[in-house]
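S.K.: Have a look at the structure that comes next, please.
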Amino acid sequence: MQTDDASNNQRLNNKELLVQNIDYAVNLALIYILSLSIFPGFLYENTGHHGLGSWYALVLVAMYNCGNLVGRYTPLVEWLKIENRKGLTIATLSRFFLIPAFYFSAKFGDQGWMIMLVTFLGLTTGHLNVCILITAPKGYKGPEKNALGNLLVVFLTGGIVAGTSLGWLWLIGKKNAF
């Protein structure tokens, strides 16, 4: 069916989409900045003495990945899905309280606390990532959804790059770091 109504074919441009969804984009970047600045660099180098020996790093990586996998499926449970913009922002920003938790766990805690924190970090990373990517495109037409998804992936990638770059900060102040 053909129509001459050009307004049906109009879509928001990328700048308008980004302005309307800047909170989602920044939240995606912040999720990965936090996750990758803590994990794996800080944990692998600053975990102190533990009973698992050389298996400790492998256990931490496995628990982060298991938590991330489970977190990506938890939005399937309707009452666990966060669709509120403020709720997603509050949940993303509250994860920054994990920084002192990881620091004090590495300094004074044992391996059980660190494993629990790593699992929680993975769980929240996966859960919030999926909640944002599910919620953001709602209410837009097909081409706008596609463009918004591409914009969100740009911010996600930027968060990954920034997080991995900040992950090297744990080397500052260490002798013989390189």
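Each chain in the structure tokens gets a letter, A, B and so on, in the order shown; residues start at 1 in every chain, and ligands are counted from 1 in the order they appear.
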Quick one: contact table of region 51-167 of chain A to region 17-28 of chain A, 10 Å max, nearest atom pair and distance in Å to one decimal per residue, counting only C-alpha atoms, chain and number order, as a tab-separated table?

M.R.:
residue	atom	partner	partner_atom	distance
A:Arg85	CA	A:Asp23	CA	7.7
A:Lys86	CA	A:Asp23	CA	9.0
A:Leu88	CA	A:Asn27	CA	7.8
A:Thr89	CA	A:Asn27	CA	6.4
A:Ile90	CA	A:Asn27	CA	9.6
A:Ala91	CA	A:Asn27	CA	9.4
A:Thr92	CA	A:Asn27	CA	6.3
A:Leu93	CA	A:Asn27	CA	8.1
A:Thr125	CA	A:Leu28	CA	9.4
A:Leu128	CA	A:Leu28	CA	8.2
A:Asn129	CA	A:Leu28	CA	6.5
A:Val130	CA	A:Leu28	CA	9.7
A:Cys131	CA	A:Tyr24	CA	9.9
A:Ile132	CA	A:Tyr24	CA	6.3
A:Leu133	CA	A:Tyr24	CA	8.4
A:Thr135	CA	A:Tyr24	CA	8.9
A:Ala136	CA	A:Tyr24	CA	6.7
A:Pro137	CA	A:Asn21	CA	9.1
A:Tyr140	CA	A:Leu17	CA	9.7
A:Glu144	CA	A:Leu17	CA	7.7
A:Lys145	CA	A:Leu17	CA	9.4
A:Ala147	CA	A:Leu17	CA	8.0
A:Leu148	CA	A:Leu17	CA	6.4
A:Gly149	CA	A:Ala25	CA	9.8
A:Leu151	CA	A:Leu18	CA	7.2
A:Leu152	CA	A:Ala25	CA	5.4
A:Val153	CA	A:Ala25	CA	8.4
A:Val154	CA	A:Ala25	CA	8.5
A:Phe155	CA	A:Ala25	CA	5.7
A:Leu156	CA	A:Leu28	CA	5.4
A:Thr157	CA	A:Leu28	CA	9.0
A:Gly158	CA	A:Leu28	CA	9.2
A:Gly159	CA	A:Leu28	CA	7.1
A:Ile160	CA	A:Leu28	CA	9.5

S.K.: Need the shell around region 50-64 of chain A: protein/DNA/RNA residues with any atom at most 7 Å away, counting only C-alpha atoms. Skip same-chain ones fewer than 6 positions apart. Format as a PyMOL selection string?

M.R.: chain A and resi 44+111+115+118-119+121-122

S.K.: Write out as a list in words each polymer residue whose atoms come within 9 Å of Thr74 (chain A), counting only C-alpha atoms; drop sequence neighbours fewer than 2 positions from it.

M.R.: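 Selected residues are Val70, Gly71, Arg72, Leu76, Val77, Glu78, Leu80, Lys81, Leu123, Gly126, His127 and Val130 of chain A.
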
S.K.: Work out how far CA of Glu83 (chain A) is from CA of Phe96 (chain A), in Å to one decimal.

M.R.: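 We find that CA of Phe96 (chain A) and CA of Glu83 (chain A) lie 20.4 Å from each other.
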
S.K.: Extract the full set of alpha helix (DSSP H) residues from chain A according to DSSP on the backbone, and format it as a ChimeraX atom specification.

M.R.: /A:14-20,22-38,41-45,56-73,85-94,98-108,111-135,142-166

S.K.: For Ser37 (chain A), which of A:Thr124, A:Asn13, A:Leu98, A:Trp79 is the closest residue, counting only C-alpha atoms?

M.R.: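 Distance minimum relative to Ser37 (chain A) lands on A:Leu98.
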
S.K.: Val161 (chain A): which residues within 12 Å, counting only C-alpha atoms, same-chain residues fewer than 5 positions away excluded, as a PDB file with all heavy atoms, in the first residue's frame?

M.R.:
ATOM      1  N   ALA A  29      27.423   3.191  29.473  1.00  0.00           N
ATOM      2  CA  ALA A  29      28.865   3.451  29.567  1.00  0.00           C
ATOM      3  C   ALA A  29      29.343   3.283  31.003  1.00  0.00           C
ATOM      4  O   ALA A  29      30.381   2.657  31.254  1.00  0.00           O
ATOM      5  CB  ALA A  29      29.181   4.855  29.050  1.00  0.00           C
ATOM      6  N   LEU A  30      28.600   3.803  31.967  1.00  0.00           N
ATOM      7  CA  LEU A  30      29.002   3.713  33.378  1.00  0.00           C
ATOM      8  C   LEU A  30      29.034   2.273  33.883  1.00  0.00           C
ATOM      9  O   LEU A  30      29.887   1.912  34.695  1.00  0.00           O
ATOM     10  CB  LEU A  30      28.074   4.550  34.253  1.00  0.00           C
ATOM     11  CG  LEU A  30      28.218   6.056  34.145  1.00  0.00           C
ATOM     12  CD1 LEU A  30      27.162   6.758  34.995  1.00  0.00           C
ATOM     13  CD2 LEU A  30      29.611   6.497  34.551  1.00  0.00           C
ATOM     14  N   ILE A  31      28.116   1.453  33.398  1.00  0.00           N
ATOM     15  CA  ILE A  31      28.096   0.046  33.811  1.00  0.00           C
ATOM     16  C   ILE A  31      29.430  -0.615  33.463  1.00  0.00           C
ATOM     17  O   ILE A  31      30.040  -1.297  34.291  1.00  0.00           O
ATOM     18  CB  ILE A  31      26.919  -0.697  33.131  1.00  0.00           C
ATOM     19  CG1 ILE A  31      25.599  -0.274  33.762  1.00  0.00           C
ATOM     20  CG2 ILE A  31      27.105  -2.210  33.221  1.00  0.00           C
ATOM     21  CD1 ILE A  31      24.382  -0.741  32.980  1.00  0.00           C
ATOM     22  N   TYR A  32      29.888  -0.404  32.247  1.00  0.00           N
ATOM     23  CA  TYR A  32      31.118  -1.065  31.824  1.00  0.00           C
ATOM     24  C   TYR A  32      32.369  -0.366  32.326  1.00  0.00           C
ATOM     25  O   TYR A  32      33.392  -1.011  32.520  1.00  0.00           O
ATOM     26  CB  TYR A  32      31.123  -1.253  30.302  1.00  0.00           C
ATOM     27  CG  TYR A  32      30.226  -2.394  29.940  1.00  0.00           C
ATOM     28  CD1 TYR A  32      28.914  -2.179  29.554  1.00  0.00           C
ATOM     29  CD2 TYR A  32      30.665  -3.696  30.071  1.00  0.00           C
ATOM     30  CE1 TYR A  32      28.070  -3.232  29.274  1.00  0.00           C
ATOM     31  CE2 TYR A  32      29.840  -4.761  29.784  1.00  0.00           C
ATOM     32  CZ  TYR A  32      28.544  -4.521  29.394  1.00  0.00           C
ATOM     33  OH  TYR A  32      27.711  -5.576  29.129  1.00  0.00           O
ATOM     34  N   ILE A  33      32.298   0.936  32.529  1.00  0.00           N
ATOM     35  CA  ILE A  33      33.450   1.630  33.121  1.00  0.00           C
ATOM     36  C   ILE A  33      33.721   1.058  34.505  1.00  0.00           C
ATOM     37  O   ILE A  33      34.861   0.731  34.848  1.00  0.00           O
ATOM     38  CB  ILE A  33      33.205   3.152  33.179  1.00  0.00           C
ATOM     39  CG1 ILE A  33      33.314   3.740  31.776  1.00  0.00           C
ATOM     40  CG2 ILE A  33      34.190   3.837  34.121  1.00  0.00           C
ATOM     41  CD1 ILE A  33      32.888   5.198  31.684  1.00  0.00           C
ATOM     42  N   LEU A  34      32.674   0.921  35.301  1.00  0.00           N
ATOM     43  CA  LEU A  34      32.856   0.382  36.656  1.00  0.00           C
ATOM     44  C   LEU A  34      33.285  -1.075  36.625  1.00  0.00           C
ATOM     45  O   LEU A  34      34.254  -1.463  37.284  1.00  0.00           O
ATOM     46  CB  LEU A  34      31.569   0.522  37.470  1.00  0.00           C
ATOM     47  CG  LEU A  34      31.659  -0.071  38.870  1.00  0.00           C
ATOM     48  CD1 LEU A  34      32.537   0.805  39.749  1.00  0.00           C
ATOM     49  CD2 LEU A  34      30.304  -0.249  39.479  1.00  0.00           C
ATOM     50  N   SER A  35      32.585  -1.885  35.871  1.00  0.00           N
ATOM     51  CA  SER A  35      32.862  -3.325  35.870  1.00  0.00           C
ATOM     52  C   SER A  35      34.276  -3.633  35.403  1.00  0.00           C
ATOM     53  O   SER A  35      34.982  -4.432  36.021  1.00  0.00           O
ATOM     54  CB  SER A  35      31.868  -4.056  34.961  1.00  0.00           C
ATOM     55  OG  SER A  35      30.567  -3.943  35.474  1.00  0.00           O
ATOM     56  N   LEU A  36      34.711  -3.001  34.331  1.00  0.00           N
ATOM     57  CA  LEU A  36      36.010  -3.337  33.773  1.00  0.00           C
ATOM     58  C   LEU A  36      37.161  -2.599  34.429  1.00  0.00           C
ATOM     59  O   LEU A  36      38.314  -2.968  34.241  1.00  0.00           O
ATOM     60  CB  LEU A  36      36.000  -3.112  32.266  1.00  0.00           C
ATOM     61  CG  LEU A  36      35.032  -4.045  31.517  1.00  0.00           C
ATOM     62  CD1 LEU A  36      34.977  -3.693  30.054  1.00  0.00           C
ATOM     63  CD2 LEU A  36      35.410  -5.492  31.720  1.00  0.00           C
ATOM     64  N   SER A  37      36.866  -1.549  35.196  1.00  0.00           N
ATOM     65  CA  SER A  37      37.949  -0.925  35.949  1.00  0.00           C
ATOM     66  C   SER A  37      38.262  -1.730  37.210  1.00  0.00           C
ATOM     67  O   SER A  37      39.388  -1.708  37.692  1.00  0.00           O
ATOM     68  CB  SER A  37      37.602   0.520  36.305  1.00  0.00           C
ATOM     69  OG  SER A  37      36.491   0.567  37.166  1.00  0.00           O
ATOM     70  N   VAL A 154      27.536   2.278  20.667  1.00  0.00           N
ATOM     71  CA  VAL A 154      28.691   3.179  20.660  1.00  0.00           C
ATOM     72  C   VAL A 154      29.059   3.555  22.096  1.00  0.00           C
ATOM     73  O   VAL A 154      30.231   3.532  22.480  1.00  0.00           O
ATOM     74  CB  VAL A 154      28.413   4.437  19.804  1.00  0.00           C
ATOM     75  CG1 VAL A 154      29.450   5.514  20.045  1.00  0.00           C
ATOM     76  CG2 VAL A 154      28.352   4.073  18.336  1.00  0.00           C
ATOM     77  N   PHE A 155      28.065   3.887  22.914  1.00  0.00           N
ATOM     78  CA  PHE A 155      28.335   4.228  24.309  1.00  0.00           C
ATOM     79  C   PHE A 155      28.798   3.009  25.102  1.00  0.00           C
ATOM     80  O   PHE A 155      29.659   3.118  25.965  1.00  0.00           O
ATOM     81  CB  PHE A 155      27.100   4.863  24.960  1.00  0.00           C
ATOM     82  CG  PHE A 155      27.006   6.336  24.712  1.00  0.00           C
ATOM     83  CD1 PHE A 155      26.515   6.820  23.509  1.00  0.00           C
ATOM     84  CD2 PHE A 155      27.430   7.239  25.665  1.00  0.00           C
ATOM     85  CE1 PHE A 155      26.443   8.180  23.268  1.00  0.00           C
ATOM     86  CE2 PHE A 155      27.354   8.601  25.441  1.00  0.00           C
ATOM     87  CZ  PHE A 155      26.864   9.073  24.242  1.00  0.00           C
ATOM     88  N   LEU A 156      28.235   1.849  24.810  1.00  0.00           N
ATOM     89  CA  LEU A 156      28.678   0.616  25.462  1.00  0.00           C
ATOM     90  C   LEU A 156      30.145   0.354  25.143  1.00  0.00           C
ATOM     91  O   LEU A 156      30.937   0.058  26.036  1.00  0.00           O
ATOM     92  CB  LEU A 156      27.801  -0.543  24.983  1.00  0.00           C
ATOM     93  CG  LEU A 156      27.998  -1.880  25.646  1.00  0.00           C
ATOM     94  CD1 LEU A 156      26.651  -2.568  25.785  1.00  0.00           C
ATOM     95  CD2 LEU A 156      28.921  -2.766  24.869  1.00  0.00           C
ATOM     96  N   LEU A 166      40.959   2.346  32.579  1.00  0.00           N
ATOM     97  CA  LEU A 166      41.011   2.640  34.012  1.00  0.00           C
ATOM     98  C   LEU A 166      41.440   1.419  34.820  1.00  0.00           C
ATOM     99  O   LEU A 166      41.909   1.560  35.946  1.00  0.00           O
ATOM    100  CB  LEU A 166      39.655   3.131  34.509  1.00  0.00           C
ATOM    101  CG  LEU A 166      39.238   4.520  34.036  1.00  0.00           C
ATOM    102  CD1 LEU A 166      37.796   4.800  34.431  1.00  0.00           C
ATOM    103  CD2 LEU A 166      40.173   5.565  34.606  1.00  0.00           C
ATOM    104  N   GLY A 167      41.284   0.238  34.252  1.00  0.00           N
ATOM    105  CA  GLY A 167      41.699  -0.981  34.934  1.00  0.00           C
ATOM    106  C   GLY A 167      43.198  -1.045  35.175  1.00  0.00           C
ATOM    107  O   GLY A 167      43.671  -1.781  36.030  1.00  0.00           O
ATOM    108  N   TRP A 168      43.951  -0.254  34.423  1.00  0.00           N
ATOM    109  CA  TRP A 168      45.404  -0.223  34.612  1.00  0.00           C
ATOM    110  C   TRP A 168      45.808   0.661  35.777  1.00  0.00           C
ATOM    111  O   TRP A 168      46.974   0.689  36.155  1.00  0.00           O
ATOM    112  CB  TRP A 168      46.094   0.242  33.332  1.00  0.00           C
ATOM    113  CG  TRP A 168      46.024  -0.794  32.278  1.00  0.00           C
ATOM    114  CD1 TRP A 168      45.164  -0.848  31.232  1.00  0.00           C
ATOM    115  CD2 TRP A 168      46.834  -1.964  32.193  1.00  0.00           C
ATOM    116  NE1 TRP A 168      45.384  -1.971  30.495  1.00  0.00           N
ATOM    117  CE2 TRP A 168      46.413  -2.689  31.064  1.00  0.00           C
ATOM    118  CE3 TRP A 168      47.871  -2.487  32.961  1.00  0.00           C
ATOM    119  CZ2 TRP A 168      46.994  -3.880  30.685  1.00  0.00           C
ATOM    120  CZ3 TRP A 168      48.449  -3.677  32.573  1.00  0.00           C
ATOM    121  CH2 TRP A 168      48.012  -4.361  31.452  1.00  0.00           C
TER     122      TRP A 168
END
